[in-house]
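Structure file final00.txt with compact mmCIF, C-alpha atoms:
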# COMPACT_ATOMS: atom_id res chain seq x y z
CA MET I 1 0.00 0.00 0.00
CA ASP I 2 1.20 3.47 -0.90
CA LEU I 3 1.81 5.77 2.08
CA SER I 4 0.42 8.80 0.23
CA TYR I 5 -2.89 6.99 -0.36
CA ILE I 6 -2.97 5.93 3.28
CA THR I 7 -2.52 9.57 4.34
CA LEU I 8 -5.41 10.69 2.12
CA ILE I 9 -7.62 7.92 3.51
CA MET I 10 -6.81 8.97 7.07
CA LEU I 11 -7.58 12.63 6.31
CA PHE I 12 -10.84 11.87 4.50
CA THR I 13 -12.12 9.36 7.06
CA GLY I 14 -11.06 11.67 9.89
CA ILE I 15 -13.27 14.46 8.53
CA LEU I 16 -16.15 12.10 7.70
CA GLY I 17 -15.95 10.32 11.06
CA GLY I 18 -15.80 13.66 12.87
CA VAL I 19 -19.03 14.78 11.21
CA VAL I 20 -20.67 11.44 12.09
CA ASN I 21 -19.51 11.84 15.67
CA TYR I 22 -20.91 15.37 15.80
CA TYR I 23 -24.42 14.17 14.87
CA SER I 24 -24.26 10.99 16.96
CA ASP I 25 -26.14 10.50 20.24
CA ALA I 26 -22.83 10.32 22.10
CA ASN I 27 -22.34 14.05 21.41
CA LYS I 28 -25.74 15.05 22.78
CA GLN I 29 -26.70 16.11 26.27
CA THR I 30 -30.42 16.14 26.84
CA GLY I 31 -31.75 18.66 29.35
CA ASN I 32 -35.23 19.36 30.64
CA GLU I 33 -36.48 20.96 27.45
CA SER I 34 -33.56 21.14 25.02
CA THR I 35 -30.70 19.10 23.60
CA VAL I 36 -27.19 20.54 23.65
CA LYS I 37 -24.16 19.42 21.64
CA LEU I 38 -21.19 18.58 23.84
CA ARG I 39 -18.60 19.46 21.19
CA SER I 40 -18.68 21.67 18.12
CA LYS I 41 -18.37 20.24 14.63
CA GLY I 42 -14.82 21.55 14.27
CA VAL I 43 -13.72 19.92 17.51
CA CYS I 44 -15.28 16.61 16.47
CA ILE I 45 -13.48 16.72 13.13
CA LEU I 46 -10.20 17.54 14.89
CA PHE I 47 -10.64 14.57 17.23
CA GLY I 48 -11.56 12.39 14.26
CA ILE I 49 -8.36 13.24 12.38
CA ALA I 50 -6.30 12.75 15.55
CA ALA I 51 -7.93 9.35 16.06
CA THR I 52 -7.08 8.21 12.50
CA ILE I 53 -3.46 9.27 13.03
CA LEU I 54 -3.36 6.90 16.02
CA VAL I 55 -4.71 3.95 14.03
CA PRO I 56 -1.17 2.68 13.18
CA LEU I 57 -0.41 2.53 16.91
CA PHE I 58 -3.62 0.59 17.49
CA LEU I 59 -2.69 -1.86 14.71
CA LYS I 60 0.77 -2.19 16.24
CA PHE I 61 -0.77 -3.27 19.54
CA ALA I 62 -3.10 -5.64 17.67
CA GLU I 63 -0.08 -7.08 15.79
CA SER I 64 -1.84 -6.55 12.48
CA LYS I 65 -0.02 -7.32 9.22
CA LEU I 66 -1.50 -4.26 7.50
CA LEU I 67 1.48 -2.18 8.62
CA ASP I 68 3.89 -4.53 6.84
CA GLY I 69 2.39 -3.73 3.45
CA ILE I 70 2.87 0.06 3.63
CA ARG I 71 5.57 1.45 1.33
CA LEU I 72 6.79 4.90 0.30
CA HIS I 73 5.58 6.18 -3.07
CA ASP I 74 8.89 5.60 -4.91
CA LYS I 75 9.33 2.06 -3.59
CA ALA I 76 5.72 1.20 -4.37
CA SER I 77 6.16 2.40 -7.98
CA GLN I 78 9.34 0.36 -8.41
CA SER I 79 7.65 -2.79 -7.11
CA GLU I 80 4.80 -2.28 -9.56
CA GLN I 81 7.24 -1.87 -12.48
CA LYS I 82 9.00 -5.11 -11.60
CA SER I 83 5.77 -7.11 -11.99
CA PRO I 84 4.39 -6.49 -15.55
CA VAL I 85 0.94 -7.63 -16.45
CA GLY I 86 1.94 -10.10 -19.15
CA ILE I 87 4.98 -11.92 -20.40
CA LYS I 88 5.30 -13.24 -23.88
CA ALA I 89 5.24 -16.97 -23.98
CA LYS I 90 8.46 -18.56 -25.03
CA PRO I 91 8.37 -21.47 -27.40
CA ALA I 92 8.50 -24.87 -25.85
CA ALA I 93 12.01 -25.97 -25.13
CA HIS I 94 12.91 -29.53 -26.05
CA VAL I 95 15.35 -31.17 -23.70
CA MET I 96 16.83 -34.44 -24.76
CA SER I 97 17.54 -36.91 -22.03
CA LYS I 98 20.06 -39.63 -22.10
CA SER I 99 18.78 -42.65 -23.95
CA ASP I 100 18.13 -45.70 -21.86
CA SER I 101 15.63 -48.48 -21.61
CA LEU I 102 13.00 -46.28 -19.93
CA GLN I 103 13.32 -42.96 -21.83
CA SER I 104 13.32 -42.71 -25.58
CA LYS I 105 11.22 -39.58 -26.22
CA PRO I 106 12.25 -35.93 -25.68
CA GLN I 107 10.96 -34.21 -22.52
CA ILE I 108 9.15 -30.90 -22.90
CA LYS I 109 9.30 -28.15 -20.23
CA GLU I 110 6.07 -26.24 -19.88
CA PRO I 111 6.65 -22.45 -20.32
CA ILE I 112 5.27 -19.84 -17.95
CA THR I 113 2.31 -18.45 -19.82
CA ALA I 114 1.01 -14.88 -19.74
CA LYS I 115 -2.31 -16.20 -18.43
CA GLN I 116 -0.68 -17.63 -15.30
CA ASP I 117 1.27 -14.44 -14.64
CA GLN I 118 -1.83 -12.32 -15.18
CA SER I 119 -3.77 -14.47 -12.71
CA LYS I 120 -1.05 -13.96 -10.09
CA SER I 121 -1.04 -10.20 -10.68
CA THR I 122 -4.84 -10.07 -10.38
CA SER I 123 -4.69 -11.91 -7.06
CA GLU I 124 -2.15 -9.41 -5.71
CA GLU I 125 -4.30 -6.48 -6.85
CA ASN I 126 -7.36 -7.97 -5.11
CA SER I 127 -5.37 -8.39 -1.91
CA LEU I 128 -4.16 -4.78 -2.15
CA ALA I 129 -7.70 -3.50 -2.65
CA SER I 130 -8.85 -5.53 0.35
CA ASP I 131 -6.09 -4.00 2.51
CA TYR I 132 -7.15 -0.47 1.47
CA LEU I 133 -10.77 -1.21 2.36
CA ILE I 134 -9.84 -2.67 5.75
CA TRP I 135 -7.60 0.34 6.48
CA THR I 136 -10.43 2.72 5.54
CA ALA I 137 -12.81 0.87 7.85
CA TYR I 138 -10.37 1.05 10.77
CA CYS I 139 -9.81 4.78 10.26
CA LEU I 140 -13.52 5.56 9.89
CA LEU I 141 -14.33 3.55 13.02
CA ALA I 142 -11.65 5.40 15.00
CA ALA I 143 -12.81 8.79 13.69
CA CYS I 144 -16.45 8.08 14.60
CA ALA I 145 -15.39 7.15 18.14
CA GLY I 146 -13.24 10.28 18.35
CA MET I 147 -12.06 11.06 21.86
CA ARG I 148 -13.30 7.70 23.17
CA PHE I 149 -10.88 5.91 20.84
CA ILE I 150 -8.03 8.21 21.92
CA ASP I 151 -8.81 7.60 25.62
CA LEU I 152 -8.95 3.84 25.04
CA LEU I 153 -5.61 3.85 23.26
CA MET I 154 -3.99 6.04 25.93
CA SER I 155 -5.14 3.69 28.68
CA ARG I 156 -3.83 0.75 26.64
CA VAL I 157 -0.41 2.39 26.29
CA ILE I 158 -0.25 3.27 30.00
CA SER I 159 -1.37 -0.19 31.11
CA LYS I 160 1.09 -1.89 28.77
CA GLU I 161 3.94 0.23 30.13
CA TYR I 162 2.82 -0.49 33.70
CA ILE I 163 2.69 -4.22 32.97
CA LYS I 164 6.15 -4.05 31.41
CA GLN I 165 7.58 -2.30 34.48
CA ALA I 166 5.81 -4.77 36.79
CA GLU I 167 7.21 -7.73 34.85
CA THR I 168 10.69 -6.22 35.03
CA THR I 169 10.36 -5.73 38.79
CA ILE I 170 9.05 -9.28 39.27
CA ASN I 171 11.89 -10.72 37.18
CA GLU I 172 14.46 -8.77 39.23
CA GLN I 173 12.87 -9.94 42.50
CA ASN I 174 12.78 -13.54 41.29
CA LYS I 175 16.44 -13.29 40.35
CA GLU I 176 17.29 -11.90 43.80
CA ILE I 177 15.30 -14.69 45.48
CA LYS I 178 17.03 -17.26 43.32
CA ASP I 179 20.44 -15.81 44.18
CA LEU I 180 19.56 -15.76 47.90
CA LYS I 181 18.43 -19.37 47.76
CA LYS I 182 21.64 -20.29 45.97
CA GLU I 183 23.75 -18.48 48.57
CA SER I 184 21.74 -20.12 51.36
CA VAL I 185 22.29 -23.60 49.92
CA ILE I 186 26.01 -22.91 49.47
CA ALA I 187 26.32 -21.60 53.05
CA GLU I 188 24.42 -24.60 54.40
CA ASN I 189 26.60 -27.10 52.53
CA ASN I 190 29.77 -25.28 53.56
CA TYR I 191 28.67 -25.37 57.19
CA LYS I 192 27.93 -29.10 56.98
CA VAL I 193 31.50 -29.68 55.82
CA SER I 194 33.17 -27.28 58.27
CA GLU I 195 31.13 -28.23 61.37
CA PRO I 196 33.17 -31.37 62.25
CA LEU I 197 36.44 -29.50 61.73
CA GLN I 198 35.33 -26.57 63.89
CA LEU I 199 34.19 -28.90 66.66
CA GLN I 200 37.47 -30.78 66.55
CA MET I 201 39.44 -27.52 66.76
CA ALA I 202 37.25 -26.28 69.62
CA SER I 203 37.72 -29.48 71.61
CA GLN I 204 41.53 -29.40 71.33
CA ALA I 205 41.70 -27.08 74.34
CA SER I 206 39.72 -29.43 76.57
CA VAL I 207 41.21 -32.14 78.80
CA LEU I 208 38.91 -35.13 78.77
CA LYS I 209 38.85 -37.21 81.93
CA SER I 210 37.74 -40.21 79.92
CA GLY I 211 40.86 -40.03 77.78
CA ILE I 212 38.94 -39.89 74.50
CA SER I 213 40.75 -38.07 71.69
CA THR I 214 39.39 -34.78 70.33
CA GLY I 215 38.60 -36.35 66.95
CA GLU I 216 36.60 -39.19 68.53
CA GLN I 217 34.80 -36.80 70.84
CA SER I 218 33.78 -34.48 67.99
CA LYS I 219 32.34 -37.46 66.10
CA MET I 220 30.52 -38.61 69.22
CA LEU I 221 28.98 -35.18 69.85
CA LEU I 222 27.90 -34.69 66.24
CA SER I 223 26.27 -38.10 66.23
CA GLN I 224 23.79 -36.72 68.78
CA LEU I 225 22.63 -33.99 66.38
CA PRO I 226 20.09 -34.36 63.54
CA PRO I 227 20.83 -32.78 60.12
CA ILE I 228 20.22 -29.10 59.42
CA THR I 229 16.63 -28.37 58.36
CA HIS I 230 16.58 -24.53 58.46
CA ALA I 231 19.16 -23.01 56.11
CA ASN I 232 18.70 -19.48 57.50
CA ASP I 233 18.91 -20.66 61.12
CA PRO I 234 21.00 -23.87 61.05
CA GLN I 235 20.81 -24.72 64.78
CA LYS I 236 17.03 -24.48 65.05
CA GLY I 237 15.39 -27.78 65.92
CA ARG I 238 18.67 -29.70 66.32
CA PHE I 239 19.00 -29.55 70.13
CA GLY I 240 15.54 -30.56 71.33
CA GLY I 241 13.95 -27.07 71.51
CA LYS I 242 14.31 -26.72 75.34
CA ASN I 243 16.66 -24.44 77.24
CA ASN I 244 16.44 -26.38 80.54
CA VAL I 245 17.33 -30.09 80.59
CA ASN I 246 18.90 -32.33 83.28
CA GLY I 247 19.26 -29.41 85.71
CA LYS I 248 21.21 -27.30 83.18
CA THR I 249 19.93 -23.99 81.79
CA LEU I 250 20.86 -22.04 78.64
CA SER I 251 20.09 -18.32 78.80
CA VAL I 252 21.05 -15.14 76.95
CA ASP I 253 21.04 -11.48 77.88
CA TYR I 254 22.16 -8.33 76.08
CA ASP I 255 23.48 -4.83 76.46
CA SER I 256 24.20 -2.02 74.00
CA TYR I 257 27.09 -2.13 71.56
CA ILE I 258 29.26 0.59 70.05
CA ILE I 259 27.88 -0.05 66.53
CA PRO I 260 24.26 1.08 66.03
CA GLY I 261 21.83 -1.78 65.44
CA PHE I 262 24.09 -4.36 67.07
CA LEU I 263 23.59 -5.89 70.51
CA ASN I 264 26.29 -7.41 72.69
CA LEU I 265 24.98 -10.86 73.62
CA THR I 266 25.96 -12.68 76.81
CA ILE I 267 25.27 -16.41 76.46
CA LYS I 268 25.25 -18.41 79.70
CA VAL I 269 25.04 -22.10 80.58
CA SER I 270 24.51 -22.76 84.29
CA ALA I 271 23.77 -25.60 86.69
CA ASP I 272 20.52 -25.26 88.62
CA GLU I 273 22.09 -27.05 91.60
CA GLY I 274 25.73 -27.71 92.31
CA GLU I 275 28.31 -27.33 89.56
CA LEU I 276 28.76 -28.25 85.91
CA THR I 277 30.35 -31.65 85.43
CA SER I 278 31.61 -31.24 81.87
CA ASP I 279 32.80 -28.78 79.29
CA VAL I 280 30.22 -26.87 77.23
CA TYR I 281 30.03 -26.56 73.44
CA LEU I 282 28.00 -23.67 72.04
CA PHE I 283 26.67 -23.83 68.48
CA LEU I 284 25.99 -20.38 66.97
CA HIS I 285 24.80 -19.13 63.59
CA ASN I 286 27.07 -20.09 60.70
CA SER I 287 27.54 -16.41 59.75
CA PHE I 288 29.95 -15.95 62.66
CA ALA I 289 33.65 -16.53 62.05
CA ARG I 290 33.62 -19.09 64.86
CA SER I 291 30.26 -20.81 65.05
CA ILE I 292 31.30 -23.57 67.53
CA ILE I 293 32.66 -22.36 70.87
CA HIS I 294 34.29 -24.53 73.56
CA LEU I 295 33.92 -23.40 77.19
CA GLU I 296 35.59 -25.14 80.15
CA GLY I 297 32.84 -25.95 82.63
CA TYR I 298 34.23 -28.53 85.06
CA GLY I 299 33.62 -27.43 88.65
CA LYS I 300 31.96 -24.13 87.65
CA LYS I 301 28.50 -22.89 88.53
CA GLU I 302 28.08 -21.29 85.10
CA VAL I 303 30.03 -20.37 81.97
CA GLU I 304 29.38 -17.46 79.64
CA TYR I 305 30.39 -16.26 76.20
CA LYS I 306 29.97 -12.73 74.80
CA ILE I 307 29.54 -11.90 71.13
CA PRO I 308 28.06 -8.92 69.20
CA SER I 309 25.20 -9.70 66.82
CA TYR I 310 23.01 -7.80 64.36
CA GLY I 311 20.03 -10.18 64.48
CA ALA I 312 18.39 -13.04 66.32
CA PHE I 313 19.33 -16.69 65.83
CA THR I 314 19.03 -20.05 67.61
CA ILE I 315 21.73 -21.10 70.09
CA GLY I 316 22.48 -24.76 70.72
CA ALA I 317 24.57 -26.23 73.54
CA ILE I 318 26.02 -29.69 74.23
CA LEU I 319 27.36 -30.78 77.61
CA ASP I 320 27.72 -33.96 79.71
CA ASN I 321 29.48 -35.56 76.72
CA GLY I 322 26.34 -35.37 74.59
CA ASP I 323 23.81 -36.47 77.23
CA THR I 324 22.42 -32.95 77.65
CA LEU I 325 21.25 -30.83 74.70
CA LEU I 326 19.99 -27.27 75.20
CA GLU I 327 18.36 -24.93 72.66
CA LEU I 328 17.25 -21.30 72.79
CA ASP I 329 15.81 -19.16 69.97
CA ILE I 330 16.49 -15.48 70.60
CA ALA I 331 13.65 -14.51 68.21
CA GLU I 332 11.18 -15.90 70.77
CA LEU I 333 12.50 -13.83 73.71
CA LYS I 334 10.14 -10.90 74.32
CA ASN I 335 12.68 -8.96 76.37
CA PHE I 336 14.78 -8.38 73.21
CA PRO I 337 13.93 -5.44 70.88
CA GLU I 338 11.40 -6.38 68.21
CA SER I 339 13.56 -4.93 65.44
CA PHE I 340 16.42 -7.19 66.52
CA ARG I 341 14.19 -10.27 66.79
CA ASN I 342 12.81 -9.73 63.28
CA ARG I 343 16.26 -9.52 61.68
Could you rewrite the structure in this file as structure tokens?
Amino acid sequence: MDLSYITLIMLFTGILGGVVNYYSDANKQTGNESTVKLRSKGVCILFGIAATILVPLFLKFAESKLLDGIRLHDKASQSEQKSPVGIKAKPAAHVMSKSDSLQSKPQIKEPITAKQDQSKSTSEENSLASDYLIWTAYCLLAACAGMRFIDLLMSRVISKEYIKQAETTINEQNKEIKDLKKESVIAENNYKVSEPLQLQMASQASVLKSGISTGEQSKMLLSQLPPITHANDPQKGRFGGKNNVNGKTLSVDYDSYIIPGFLNLTIKVSADEGELTSDVYLFLHNSFARSIIHLEGYGKKEVEYKIPSYGAFTIGAILDNGDTLLELDIAELKNFPESFRNR
């Protein structure tokens, strides 16, 4: 389709549709005794032309193929010159094939006749005429709707842009969640590997009355613990969920720290009656540089360990050579600031 013809169609249908819109019921406001036009004829025509100009955008949203057939005037003329109406028929060409037992007569190639070429050209012209008629109908429909068509198209553009931005935001959030999950899985697996080594290093400072080596003791203590089930809080649910077992109590208190947002935690393990009869192993969050802490507890009423923290986590403790497991989730302690417990 020629762009110059398309422009004339848009101008003509814009004027015609504007006049139709002016006399339509949509442009009337009925009062008590009289009927008033909402817009003047000139305004309706102006809106009609503006609506036809926006038809290509509407067809773009609708993914119509009409836009693919539009050409500039020069290119359209050249394409028409390259496809003449008729071609003189060439005489039949005789092609001799190699003689064998199956072929003994010459083969004749059928020439492309002028009738066939003319039929093809007629089909293309019919398709072009159909495209012009459909384009005219679209433009006239848009012009008759006038401002309603413009409002509809504007809302379509805005909603499409909003959806695009929302999809971009969702994709970015999904990517962040995926990365966080990946980091969480990596941290969990790294902790599973490093936990026996950390426990063995922590137990090197202890003197075991039973004479068991540090390596054997670390294996014995870890055998009491189930696998990690909470990647973000690895000690949760591994130590029985109680902070008081066999007359031993695990507690934690806090005071302010020099860095805003941090709290200085004081973790204590104490005997309700008498003294502790074994060393104590504290299991902290895997984000700390040292997540397994050994404390000498023989003959002491209580042992404590101080560490600054930015958020709540679950503390686990093993004592009595694995016979006593203690667990305390700081997020469940109401005496801690809510902002700290939610981190």
12 Å contact set for Val36 of chain I, all atoms listed in the file, chain neighbours under 4 positions out, as a list in words =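 Returned residues: Tyr22, Tyr23, Asp25, Ala26, Asn27, Lys28, Gln29, Thr30, Gly31, Asn32 and Ser40 of chain I.
Here the question is which of I:Ile163, I:Ile307, I:Ala312, I:Leu326 gets nearest to Lys242 of chain I using all atoms listed in the file, and that residue is I:Leu326.
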Residue nearest Ile258 of chain I - candidates I:Asn243, I:Ser309, I:Ser339, I:Asn321, atoms counted: all atoms listed in the file = I:Ser309
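Each of I:Phe61, I:Tyr310, I:Tyr298, I:Phe283 was checked against Leu263 of chain I using only C-alpha atoms; the smallest atom-to-atom distance is that of I:Tyr310.
The shortest atom-to-atom distance to Gly42 of chain I, with all atoms listed in the file taken into account, belongs to I:Ile15 out of I:Ile15, I:Leu66, I:Ser123, I:Ser24.
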Kindly provide, as a PyMOL selection string, the polymer residues lying within 7 Å of (-17.2, 14.6, 13.1), counting only C-alpha atoms and using the coordinates exactly as they appear in the file.
-> chain I and resi 15-22+41+44-45+48+144
